[in-house]
file model-v2.cif (mmCIF, C-alpha atoms and all ligand atoms)
data_structure
#
loop_
_atom_site.label_atom_id
_atom_site.label_comp_id
_atom_site.auth_asym_id
_atom_site.auth_seq_id
_atom_site.Cartn_x
_atom_site.Cartn_y
_atom_site.Cartn_z
CA MET A 1 91.66 140.06 127.22
CA GLU A 2 94.74 139.83 125.10
CA TYR A 3 94.70 139.37 121.38
CA THR A 4 97.25 137.09 119.77
CA ALA A 5 97.24 136.28 116.10
CA ALA A 6 96.19 132.68 115.58
CA THR A 7 98.37 132.32 112.55
CA GLY A 8 101.52 133.53 114.24
CA ARG A 9 102.25 136.09 111.59
CA ASP A 10 101.60 139.79 111.35
CA PRO A 11 99.21 140.42 108.49
CA LEU A 12 100.22 143.29 106.30
CA ASN A 13 97.92 146.26 106.49
CA PRO A 14 96.00 147.29 103.35
CA GLN A 15 98.46 150.03 102.46
CA GLN A 16 101.40 147.61 102.67
CA LEU A 17 99.51 145.06 100.59
CA LEU A 18 98.79 147.67 97.96
CA GLU A 19 102.44 148.71 97.80
CA LEU A 20 103.48 145.07 97.53
CA ALA A 21 100.96 144.47 94.76
CA MET A 22 102.15 147.49 92.78
CA GLN A 23 105.75 146.40 93.19
CA ARG A 24 104.91 142.93 91.92
CA LEU A 25 103.07 144.33 88.93
CA ARG A 26 106.09 146.47 88.12
CA ASP A 27 108.62 143.63 88.40
CA GLY A 28 106.34 141.23 86.55
CA THR A 29 105.81 138.75 89.37
CA LEU A 30 102.09 139.42 89.08
CA SER A 31 100.04 140.55 86.14
CA CYS A 32 96.57 142.01 85.82
CA GLU A 33 93.95 139.64 84.51
CA GLN A 34 91.10 141.53 82.94
CA ARG A 35 89.17 138.54 81.67
CA ALA A 36 89.73 136.13 84.51
CA ARG A 37 87.20 133.91 86.21
CA LEU A 38 86.95 134.24 89.96
CA PHE A 39 86.18 131.56 92.52
CA ALA A 40 85.99 131.90 96.27
CA GLY A 41 86.15 129.17 98.86
CA HIS A 42 87.98 128.00 101.90
CA GLY A 43 91.75 127.99 101.74
CA ARG A 44 93.68 124.84 100.99
CA GLN A 45 97.09 125.97 102.26
CA ALA A 46 98.09 127.25 98.85
CA GLY A 47 100.64 130.05 98.98
CA CYS A 48 99.12 133.46 98.36
CA SER A 49 100.17 134.94 95.01
CA LEU A 50 100.64 138.32 96.66
CA CYS A 51 101.92 137.96 100.21
CA GLY A 52 103.22 134.40 99.92
CA ALA A 53 101.65 133.17 103.15
CA PRO A 54 99.61 129.96 103.02
CA ILE A 55 95.84 130.42 102.93
CA GLY A 56 94.40 128.38 105.78
CA ALA A 57 91.12 126.48 105.78
CA GLU A 58 89.63 129.04 108.19
CA GLU A 59 90.24 131.81 105.67
CA ILE A 60 88.54 132.64 102.41
CA GLU A 61 90.67 131.97 99.38
CA TYR A 62 90.04 133.83 96.13
CA GLU A 63 91.09 131.83 93.09
CA VAL A 64 91.60 133.64 89.81
CA GLU A 65 91.67 131.66 86.60
CA PRO A 66 93.38 133.79 83.94
CA ALA A 67 91.85 133.60 80.49
CA SER A 68 95.22 132.43 79.20
CA ALA A 69 95.62 129.66 81.78
CA VAL A 70 96.02 126.15 80.43
CA ALA A 71 96.90 124.49 83.72
CA ALA A 72 95.75 124.86 87.30
CA GLU A 73 99.30 125.85 88.26
CA GLN A 74 98.74 129.15 86.46
CA TRP A 75 95.82 130.09 88.66
CA LEU A 76 96.35 132.85 91.16
CA HIS A 77 95.46 132.41 94.80
CA PHE A 78 94.78 135.29 97.16
CA HIS A 79 93.66 136.03 100.67
CA ARG A 80 90.63 138.28 100.51
CA PRO A 81 92.55 141.48 101.44
CA CYS A 82 95.33 140.48 99.03
CA TYR A 83 92.83 140.03 96.22
CA TYR A 84 91.45 143.52 96.74
CA ALA A 85 94.94 145.00 96.96
CA TRP A 86 95.77 143.35 93.63
CA LEU A 87 92.59 144.72 92.03
CA GLN A 88 93.34 148.20 93.32
CA ALA A 89 96.96 148.02 92.17
CA CYS A 90 95.76 147.04 88.69
CA SER A 91 93.38 149.99 88.49
CA GLU A 92 96.03 152.40 89.77
CA GLN A 93 98.58 151.02 87.33
CA GLY A 94 96.07 151.49 84.53
CA ALA A 95 95.60 155.10 85.63
CA GLU A 96 99.36 155.67 85.62
CA THR A 97 100.13 154.23 82.22
CA GLY A 98 96.94 155.40 80.56
ZN ZN B 101 97.93 137.01 100.91
#

call {"tool": "encode", "arguments": {"input": "model-v2.cif", "output": "structure tokens"}}
result
Amino acid sequence: MEYTAATGRDPLNPQQLLELAMQRLRDGTLSCEQRARLFAGHGRQAGCSLCGAPIGAEEIEYEVEPASAVAAEQWLHFHRPCYYAWLQACSEQGAETG
């Protein structure tokens, strides 16, 4: 039996996702949202806010509504592993900067 990725892309491993998340926090592409609301559901092909890949209907999409958001365009969308990488990057960044 041979495994081939259904999506045709190589998912990043958790360590790579974490490094990507920390890089995006540093360059300001992503920010930490302490008081955000979280929703989970099936993907709707929105581009992931971390890895950039579309989130397919067969995957779980985590939607984060920042407290400051005034429009749906400001929501963040993550694959499940990307969401956890972002959370971890935020906690590690907090530990670094005090
Ligand atoms: Zn992703």

call {"tool": "residues_around", "arguments": {"input": "model-v2.cif", "residues": "region 34-44 of chain A", "least_positions_apart": "4", "cutoff": "12 Å", "atoms": "all atoms listed in the file", "output": "ChimeraX atom specification"}}
result
/A:48,53-69,74-80,83,86-87,90-91,94

call {"tool": "atom_distance", "arguments": {"input": "model-v2.cif", "atom1": "CA of Tyr84 (chain A)", "atom2": "CA of Gln15 (chain A)"}}
result
11.1 Å

call {"tool": "closest_residue", "arguments": {"input": "model-v2.cif", "among": "A:Arg26, A:Ala95, A:Glu73, A:Pro81", "to": "Leu12 (chain A)", "atoms": "all atoms listed in the file"}}
result
A:Pro81

call {"tool": "atom_distance", "arguments": {"input": "model-v2.cif", "atom1": "CA of Glu92 (chain A)", "atom2": "CA of Leu50 (chain A)"}}
result
16.3 Å

call {"tool": "closest_residue", "arguments": {"input": "model-v2.cif", "among": "A:Ser31, A:Gln93, A:Gln45, A:Gln23", "to": "ligand ZN 101 (chain B)", "atoms": "only C-alpha atoms and all ligand atoms"}}
result
A:Gln45

call {"tool": "atom_distance", "arguments": {"input": "model-v2.cif", "atom1": "CA of Ala71 (chain A)", "atom2": "CA of Leu17 (chain A)"}}
result
26.7 Å

call {"tool": "closest_residue", "arguments": {"input": "model-v2.cif", "among": "A:Ala85, A:Ala72, A:Gly28, A:Glu19", "to": "ligand ZN 101 (chain B)", "atoms": "only C-alpha atoms and all ligand atoms"}}
result
A:Ala85

call {"tool": "closest_residue", "arguments": {"input": "model-v2.cif", "among": "A:Pro14, A:Asp27, A:Cys32, A:Val70", "to": "ligand ZN 101 (chain B)", "atoms": "all atoms listed in the file"}}
result
A:Pro14

call {"tool": "closest_residue", "arguments": {"input": "model-v2.cif", "among": "A:Leu30, A:Leu20, A:Cys51, A:Ala46", "to": "ligand ZN 101 (chain B)", "atoms": "all atoms listed in the file"}}
result
A:Cys51

call {"tool": "closest_residue", "arguments": {"input": "model-v2.cif", "among": "A:Ser49, A:Glu33, A:Met22, A:Gln88", "to": "ligand ZN 101 (chain B)", "atoms": "all atoms listed in the file"}}
result
A:Ser49

call {"tool": "decode", "arguments": {"input": "model-v2.cif", "residues": "region 71-85 of chain A", "atoms": "N, CA and C atoms", "output": "PDB file, in the first residue's frame"}}
result
ATOM      1  N   ALA A  71     -14.713  43.641  10.205  1.00  0.00           N
ATOM      2  CA  ALA A  71     -15.182  43.021   8.978  1.00  0.00           C
ATOM      3  C   ALA A  71     -14.678  41.583   8.912  1.00  0.00           C
ATOM      4  N   ALA A  72     -15.433  40.752   8.228  1.00  0.00           N
ATOM      5  CA  ALA A  72     -15.077  39.337   8.147  1.00  0.00           C
ATOM      6  C   ALA A  72     -13.720  39.128   7.492  1.00  0.00           C
ATOM      7  N   GLU A  73     -13.294  40.107   6.681  1.00  0.00           N
ATOM      8  CA  GLU A  73     -11.990  39.980   6.021  1.00  0.00           C
ATOM      9  C   GLU A  73     -10.851  39.981   7.028  1.00  0.00           C
ATOM     10  N   GLN A  74     -11.108  40.481   8.230  1.00  0.00           N
ATOM     11  CA  GLN A  74     -10.047  40.546   9.235  1.00  0.00           C
ATOM     12  C   GLN A  74      -9.955  39.281  10.072  1.00  0.00           C
ATOM     13  N   TRP A  75     -10.872  38.349   9.838  1.00  0.00           N
ATOM     14  CA  TRP A  75     -10.792  37.092  10.557  1.00  0.00           C
ATOM     15  C   TRP A  75      -9.573  36.324  10.072  1.00  0.00           C
ATOM     16  N   LEU A  76      -9.061  35.504  10.974  1.00  0.00           N
ATOM     17  CA  LEU A  76      -7.962  34.617  10.624  1.00  0.00           C
ATOM     18  C   LEU A  76      -8.517  33.223  10.376  1.00  0.00           C
ATOM     19  N   HIS A  77      -7.895  32.533   9.451  1.00  0.00           N
ATOM     20  CA  HIS A  77      -8.324  31.172   9.121  1.00  0.00           C
ATOM     21  C   HIS A  77      -7.120  30.258   9.220  1.00  0.00           C
ATOM     22  N   PHE A  78      -7.288  29.144   9.899  1.00  0.00           N
ATOM     23  CA  PHE A  78      -6.166  28.221  10.088  1.00  0.00           C
ATOM     24  C   PHE A  78      -6.587  26.780   9.871  1.00  0.00           C
ATOM     25  N   HIS A  79      -5.651  25.973   9.329  1.00  0.00           N
ATOM     26  CA  HIS A  79      -5.768  24.530   9.497  1.00  0.00           C
ATOM     27  C   HIS A  79      -5.581  24.235  10.985  1.00  0.00           C
ATOM     28  N   ARG A  80      -6.047  23.075  11.416  1.00  0.00           N
ATOM     29  CA  ARG A  80      -5.913  22.755  12.832  1.00  0.00           C
ATOM     30  C   ARG A  80      -4.455  22.790  13.294  1.00  0.00           C
ATOM     31  N   PRO A  81      -3.523  22.112  12.601  1.00  0.00           N
ATOM     32  CA  PRO A  81      -2.123  22.185  13.073  1.00  0.00           C
ATOM     33  C   PRO A  81      -1.557  23.599  13.010  1.00  0.00           C
ATOM     34  N   CYS A  82      -2.026  24.391  12.047  1.00  0.00           N
ATOM     35  CA  CYS A  82      -1.536  25.767  11.919  1.00  0.00           C
ATOM     36  C   CYS A  82      -2.046  26.612  13.080  1.00  0.00           C
ATOM     37  N   TYR A  83      -3.282  26.362  13.490  1.00  0.00           N
ATOM     38  CA  TYR A  83      -3.836  27.092  14.621  1.00  0.00           C
ATOM     39  C   TYR A  83      -3.008  26.838  15.880  1.00  0.00           C
ATOM     40  N   TYR A  84      -2.669  25.565  16.111  1.00  0.00           N
ATOM     41  CA  TYR A  84      -1.909  25.249  17.316  1.00  0.00           C
ATOM     42  C   TYR A  84      -0.479  25.786  17.236  1.00  0.00           C
ATOM     43  N   ALA A  85       0.081  25.817  16.042  1.00  0.00           N
ATOM     44  CA  ALA A  85       1.415  26.396  15.878  1.00  0.00           C
ATOM     45  C   ALA A  85       1.383  27.889  16.201  1.00  0.00           C
TER      46      ALA A  85
END
